[in-house]
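Structure file work_19.cif (mmCIF, C-alpha atoms) is printed below.
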data_entry
loop_
_atom_site.label_atom_id
_atom_site.label_comp_id
_atom_site.auth_asym_id
_atom_site.auth_seq_id
_atom_site.Cartn_x
_atom_site.Cartn_y
_atom_site.Cartn_z
CA MET A 1 113.24 111.26 129.15
CA ALA A 2 116.55 109.65 130.11
CA ASN A 3 117.00 108.32 126.55
CA GLY A 4 115.73 111.29 124.57
CA ASP A 5 118.50 111.06 121.98
CA ALA A 6 117.65 107.44 121.17
CA LEU A 7 113.95 108.32 120.85
CA LEU A 8 114.68 111.31 118.61
CA ASN A 9 116.95 109.21 116.40
CA ALA A 10 114.28 106.51 116.10
CA LEU A 11 111.65 109.15 115.28
CA GLN A 12 113.84 110.57 112.52
CA GLN A 13 114.39 107.09 111.08
CA HIS A 14 110.65 106.45 111.22
CA LEU A 15 109.84 109.70 109.41
CA TRP A 16 112.31 108.75 106.66
CA LEU A 17 110.67 105.32 106.42
CA VAL A 18 107.38 107.16 105.86
CA ALA A 19 108.58 110.03 103.65
CA VAL A 20 110.62 108.09 101.09
CA PRO A 21 108.00 105.41 100.22
CA LEU A 22 105.23 108.03 100.18
CA ALA A 23 107.22 110.30 97.85
CA VAL A 24 107.98 107.40 95.47
CA GLY A 25 104.36 106.26 95.70
CA LEU A 26 103.14 109.72 94.70
CA LEU A 27 105.63 110.06 91.85
CA LEU A 28 104.56 106.70 90.41
CA GLY A 29 100.99 106.30 91.59
CA LEU A 30 99.54 109.63 90.45
CA PRO A 31 100.58 109.43 86.77
CA LEU A 32 99.82 105.70 86.63
CA GLY A 33 96.40 106.36 88.13
CA LEU A 34 95.69 109.03 85.52
CA TRP A 35 96.86 106.69 82.75
CA SER A 36 94.68 103.94 84.16
CA ALA A 37 91.63 106.24 84.19
CA ARG A 38 92.21 107.03 80.50
CA SER A 39 92.64 103.42 79.34
CA PRO A 40 90.43 100.46 80.31
CA ALA A 41 93.14 97.99 79.23
CA VAL A 42 95.79 99.68 81.39
CA SER A 43 93.29 99.92 84.25
CA ALA A 44 92.61 96.18 84.15
CA VAL A 45 96.33 95.39 84.45
CA LEU A 46 97.30 98.02 87.03
CA ILE A 47 94.27 97.86 89.32
CA ASN A 48 94.22 94.06 89.42
CA GLY A 49 97.98 93.90 89.86
CA PHE A 50 98.13 96.35 92.75
CA ASN A 51 95.02 94.91 94.37
CA ALA A 52 96.83 91.57 94.39
CA LEU A 53 99.74 93.23 96.20
CA ARG A 54 97.42 94.34 98.99
CA VAL A 55 96.74 90.69 99.83
CA ILE A 56 100.42 90.07 100.62
CA PRO A 57 101.28 91.02 104.24
CA SER A 58 103.79 93.86 104.58
CA LEU A 59 106.06 91.71 106.73
CA ALA A 60 106.19 89.07 103.99
CA ILE A 61 107.25 91.68 101.44
CA LEU A 62 109.94 92.88 103.83
CA PHE A 63 111.41 89.40 104.17
CA LEU A 64 111.18 88.79 100.40
CA ALA A 65 113.31 91.90 99.82
CA ILE A 66 116.06 90.77 102.19
CA PRO A 67 117.82 88.31 99.80
CA TYR A 68 118.22 91.09 97.21
CA PHE A 69 118.85 94.18 99.37
CA GLY A 70 119.90 92.77 102.73
CA LEU A 71 118.90 93.98 106.17
CA SER A 72 118.71 97.63 105.18
CA PHE A 73 116.67 100.78 104.86
CA GLN A 74 116.40 100.02 101.14
CA SER A 75 114.54 96.75 101.76
CA ALA A 76 112.09 98.48 104.07
CA ALA A 77 111.58 101.39 101.67
CA ILE A 78 110.79 99.06 98.76
CA ALA A 79 108.30 97.02 100.81
CA LEU A 80 106.59 100.15 102.15
CA THR A 81 106.44 101.69 98.67
CA LEU A 82 104.53 98.63 97.48
CA LEU A 83 102.19 99.21 100.42
CA VAL A 84 101.41 102.87 99.60
CA MET A 85 101.02 102.42 95.85
CA PRO A 86 97.56 100.72 95.70
CA PRO A 87 95.51 103.35 97.60
CA ILE A 88 97.17 106.22 95.71
CA LEU A 89 96.82 104.62 92.28
CA ILE A 90 93.27 103.35 92.81
CA SER A 91 91.99 106.63 94.26
CA THR A 92 93.51 108.56 91.37
CA ASP A 93 91.93 106.20 88.86
CA VAL A 94 88.51 106.50 90.53
CA ALA A 95 88.81 110.28 90.89
CA PHE A 96 89.36 110.92 87.18
CA ARG A 97 87.14 108.09 85.93
CA THR A 98 84.07 109.37 87.79
CA ILE A 99 84.24 112.93 86.42
CA ASP A 100 81.16 113.63 84.30
CA PRO A 101 82.19 113.45 80.59
CA MET A 102 79.85 116.39 79.90
CA ILE A 103 82.12 118.59 82.02
CA ARG A 104 85.10 117.70 79.84
CA GLU A 105 83.09 118.30 76.67
CA ALA A 106 81.97 121.70 77.93
CA ALA A 107 85.55 122.66 78.73
CA HIS A 108 86.76 121.57 75.28
CA GLY A 109 83.84 123.46 73.74
CA MET A 110 85.09 126.63 75.44
CA GLY A 111 88.36 126.23 73.56
CA MET A 112 90.47 124.84 76.40
CA SER A 113 93.41 122.63 75.49
CA PRO A 114 93.71 119.09 76.95
CA VAL A 115 96.36 120.33 79.41
CA GLN A 116 94.13 123.22 80.49
CA VAL A 117 91.18 120.85 80.95
CA LEU A 118 93.34 118.59 83.10
CA ARG A 119 94.82 121.37 85.26
CA GLN A 120 91.85 123.72 85.56
CA VAL A 121 88.83 121.41 85.43
CA GLU A 122 89.62 117.75 86.08
CA LEU A 123 92.29 118.09 88.76
CA PRO A 124 90.24 120.37 91.08
CA LEU A 125 87.31 117.95 90.81
CA ALA A 126 89.48 114.87 91.36
CA LEU A 127 91.62 116.28 94.18
CA PRO A 128 89.38 115.39 97.16
CA VAL A 129 89.26 111.71 96.16
CA ILE A 130 93.00 111.65 95.41
CA ILE A 131 93.75 113.15 98.83
CA ALA A 132 91.52 110.50 100.44
CA GLY A 133 93.74 107.83 98.87
CA ILE A 134 96.90 109.62 99.97
CA LYS A 135 95.50 109.85 103.51
CA THR A 136 94.89 106.10 103.57
CA ALA A 137 98.40 105.44 102.25
CA LEU A 138 99.98 107.81 104.77
CA VAL A 139 98.25 106.31 107.80
CA GLU A 140 99.06 102.78 106.62
CA VAL A 141 102.74 103.52 106.04
CA ILE A 142 103.11 105.24 109.43
CA ALA A 143 101.78 102.13 111.13
CA SER A 144 103.57 99.62 108.89
CA ALA A 145 106.95 101.36 109.17
CA THR A 146 107.19 99.83 112.64
CA LEU A 147 107.75 96.46 110.90
CA ALA A 148 111.06 97.76 109.53
CA ALA A 149 112.55 97.09 112.95
CA PHE A 150 112.28 93.35 112.27
CA ILE A 151 114.95 93.66 109.56
CA GLY A 152 117.12 96.14 111.43
CA ALA A 153 116.02 99.25 109.51
CA GLY A 154 115.31 101.20 112.70
CA GLY A 155 112.40 103.49 113.43
CA LEU A 156 110.01 103.59 116.35
CA GLY A 157 109.29 99.91 115.82
CA THR A 158 112.66 99.21 117.45
CA PHE A 159 111.16 100.08 120.85
CA ILE A 160 108.09 97.95 120.16
CA VAL A 161 110.20 94.92 119.23
CA ARG A 162 112.47 95.49 122.23
CA GLY A 163 109.49 95.86 124.55
CA PHE A 164 108.03 92.56 123.35
CA ALA A 165 111.40 90.82 123.69
CA LEU A 166 111.96 92.09 127.24
CA TYR A 167 108.31 91.85 128.29
CA ASP A 168 108.55 95.54 129.20
CA SER A 169 105.39 97.50 128.41
CA ALA A 170 107.09 100.82 129.19
CA ILE A 171 109.64 100.33 126.40
CA LEU A 172 106.90 99.10 124.06
CA LEU A 173 104.81 102.21 124.71
CA VAL A 174 107.77 104.48 123.95
CA GLY A 175 107.47 103.22 120.38
CA ALA A 176 103.72 102.64 120.16
CA VAL A 177 102.48 105.99 121.51
CA PRO A 178 104.43 108.21 119.06
CA VAL A 179 103.32 106.00 116.15
CA ALA A 180 99.69 106.32 117.25
CA LEU A 181 100.05 110.10 117.59
CA LEU A 182 101.69 110.38 114.15
CA ALA A 183 98.89 108.34 112.57
CA LEU A 184 96.23 110.45 114.32
CA ALA A 185 97.91 113.69 113.23
CA ALA A 186 98.12 112.42 109.65
CA GLU A 187 94.44 111.43 109.67
CA LEU A 188 93.29 114.80 111.04
CA GLY A 189 95.63 116.86 108.86
CA MET A 190 94.78 115.09 105.61
CA SER A 191 91.06 115.16 106.44
CA ALA A 192 91.26 118.93 106.92
CA LEU A 193 93.14 119.27 103.63
CA GLN A 194 90.53 117.12 101.88
CA ARG A 195 87.74 119.35 103.16
CA SER A 196 89.58 122.50 102.10
CA VAL A 197 89.83 121.38 98.45
CA GLN A 198 86.27 120.06 98.25
CA PRO A 199 84.51 121.92 95.42
CA PRO A 200 81.42 123.91 96.49
CA THR A 201 78.21 121.97 96.05
CA SER A 202 76.13 124.94 95.04
#

Entire entry expressed as structure tokens:
Amino acid sequence: MANGDALLNALQQHLWLVAVPLAVGLLLGLPLGLWSARSPAVSAVLINGFNALRVIPSLAILFLAIPYFGLSFQSAAIALTLLVMPPILISTDVAFRTIDPMIREAAHGMGMSPVQVLRQVELPLALPVIIAGIKTALVEVIASATLAAFIGAGGLGTFIVRGFALYDSAILLVGAVPVALLALAAELGMSALQRSVQPPTS
């Protein structure tokens, strides 16, 4: 309470560290996932490539970005974008790939254009799975954004790093508790959204 301004500033930095990579991940991952679902050759390259990225620890990606972008927000944003891309891209690929081809054929048979089929038939069916991937990406990036503090990019991880350095659990919890609450809120909110777009089963 005595350092509310510092906490608010760290929270704002943390939200930017979440929002920017997630926005870039959505802008790139959704169309790439759709392209991947349409082409087996593209799918083999993209899915295998981004699955390989998931093996690399986030902290390692952060430190690899430092020689090119320095100790900056940009380095953290690039590393976190690489973190959010795989679940978004893979879930989008799976969502469109698992749609029954007979549904597409029926829609085309009714005279719908490819764009209409995509917007009015495929997207509503794919949306719950896509949102599940976005939920995974969002929770992961909220937690992993704490690592940005190791390269001086700020965020709530600053308190966690400081708490470890000073062996002060109170300072550590000032960073850890808000991160846990943000992740929980993201999980619950995205789960509710996923249920709301679930097509009726009967």

Hey, which of A:Ala126, A:Ile56, A:Leu89, A:Leu147 ends up closest to Phe73 of chain A? Count only C-alpha atoms. A:Leu147

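Using all atoms listed in the file for every distance, the candidate list A:Val129, A:Ala176, A:Val94, A:Leu62 yields A:Val94 as the residue closest to Trp35 of chain A.
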
Val117 of chain A environment, 8 Å, all atoms listed in the file, sequence neighbours closer than 5 positions dropped, as a list of chain:residue names: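 So, after excluding close chain neighbours, the residues are A:Arg104, A:Ala107, A:His108, A:Met112, A:Glu122.
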
Which is closest to Gly163 of chain A among A:Gly175, A:Ser72, A:Asn9, A:Thr92, if we use all atoms listed in the file?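 Closest candidate: A:Gly175.
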
Rounded to one decimal place, report the atom CA of Ala77 of chain A-atom CA of Leu17 of chain A distance in Å. 6.2 Å

Applied to the shown file, which residues does the PyMOL selection byres ((chain A and resi 13) around 12) return, written as a PyMOL selection string? chain A and resi 6-12+14-20+72-73+76-77+142+145-146+148-149+152-158

Residues as selected, C-alpha atoms, written as a JSON list (two decimals), keeping the file's coordinate frame, can you do that?
[["chain", "number", "residue", "atom", "x", "y", "z"],
["A", 6, "ALA", "CA", 117.65, 107.44, 121.17],
["A", 7, "LEU", "CA", 113.95, 108.32, 120.85],
["A", 8, "LEU", "CA", 114.68, 111.31, 118.61],
["A", 9, "ASN", "CA", 116.95, 109.21, 116.40],
["A", 10, "ALA", "CA", 114.28, 106.51, 116.10],
["A", 11, "LEU", "CA", 111.65, 109.15, 115.28],
["A", 12, "GLN", "CA", 113.84, 110.57, 112.52],
["A", 14, "HIS", "CA", 110.65, 106.45, 111.22],
["A", 15, "LEU", "CA", 109.84, 109.70, 109.41],
["A", 16, "TRP", "CA", 112.31, 108.75, 106.66],
["A", 17, "LEU", "CA", 110.67, 105.32, 106.42],
["A", 18, "VAL", "CA", 107.38, 107.16, 105.86],
["A", 19, "ALA", "CA", 108.58, 110.03, 103.65],
["A", 20, "VAL", "CA", 110.62, 108.09, 101.09],
["A", 72, "SER", "CA", 118.71, 97.63, 105.18],
["A", 73, "PHE", "CA", 116.67, 100.78, 104.86],
["A", 76, "ALA", "CA", 112.09, 98.48, 104.07],
["A", 77, "ALA", "CA", 111.58, 101.39, 101.67],
["A", 142, "ILE", "CA", 103.11, 105.24, 109.43],
["A", 145, "ALA", "CA", 106.95, 101.36, 109.17],
["A", 146, "THR", "CA", 107.19, 99.83, 112.64],
["A", 148, "ALA", "CA", 111.06, 97.76, 109.53],
["A", 149, "ALA", "CA", 112.55, 97.09, 112.95],
["A", 152, "GLY", "CA", 117.12, 96.14, 111.43],
["A", 153, "ALA", "CA", 116.02, 99.25, 109.51],
["A", 154, "GLY", "CA", 115.31, 101.20, 112.70],
["A", 155, "GLY", "CA", 112.40, 103.49, 113.43],
["A", 156, "LEU", "CA", 110.01, 103.59, 116.35],
["A", 157, "GLY", "CA", 109.29, 99.91, 115.82],
["A", 158, "THR", "CA", 112.66, 99.21, 117.45]]

Using only C-alpha atoms, can you tell me which of A:Ser144, A:Ser191, A:Leu181, A:Val24 comes closest to Ile61 of chain A? A:Ser144

Taking (93.6, 103.2, 95.0) in the file's coordinates, which residues come within 9 Å, counting all atoms listed in the file, written as a PyMOL selection string? chain A and resi 29+33+47+50-51+85-94+130+133-134+137

Could you state the separation of atom CA of Phe150 of chain A and atom CA of Ile78 of chain A in Å, given to one decimal place?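 Atom CA of Phe150 of chain A sits 14.7 Å away from atom CA of Ile78 of chain A.
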
Taking the partial coordinates given, rebuild segment 80-91 of chain A to contain N, CA and C atoms; return it as a short mmCIF file (atom, residue, chain, number, x, y, z; two decimals), in the coordinates of the input.
data_model
loop_
_atom_site.label_atom_id
_atom_site.label_comp_id
_atom_site.auth_asym_id
_atom_site.auth_seq_id
_atom_site.Cartn_x
_atom_site.Cartn_y
_atom_site.Cartn_z
N LEU A 80 107.58 99.14 101.77
CA LEU A 80 106.59 100.15 102.15
C LEU A 80 106.08 100.91 100.93
N THR A 81 106.90 101.05 99.91
CA THR A 81 106.44 101.69 98.67
C THR A 81 105.36 100.84 98.02
N LEU A 82 105.56 99.53 98.02
CA LEU A 82 104.53 98.63 97.48
C LEU A 82 103.25 98.71 98.30
N LEU A 83 103.36 99.07 99.56
CA LEU A 83 102.19 99.21 100.42
C LEU A 83 101.40 100.48 100.09
N VAL A 84 102.11 101.59 99.82
CA VAL A 84 101.41 102.87 99.60
C VAL A 84 100.88 103.02 98.18
N MET A 85 101.42 102.25 97.24
CA MET A 85 101.02 102.42 95.85
C MET A 85 99.53 102.14 95.59
N PRO A 86 98.95 101.02 96.07
CA PRO A 86 97.56 100.72 95.70
C PRO A 86 96.55 101.80 96.06
N PRO A 87 96.53 102.33 97.31
CA PRO A 87 95.51 103.35 97.60
C PRO A 87 95.69 104.62 96.79
N ILE A 88 96.93 105.02 96.50
CA ILE A 88 97.17 106.22 95.71
C ILE A 88 96.73 106.01 94.27
N LEU A 89 97.15 104.90 93.68
CA LEU A 89 96.82 104.62 92.28
C LEU A 89 95.32 104.43 92.10
N ILE A 90 94.70 103.65 92.97
CA ILE A 90 93.27 103.35 92.81
C ILE A 90 92.42 104.60 93.02
N SER A 91 92.77 105.41 94.03
CA SER A 91 91.99 106.63 94.26
C SER A 91 92.13 107.61 93.11
#
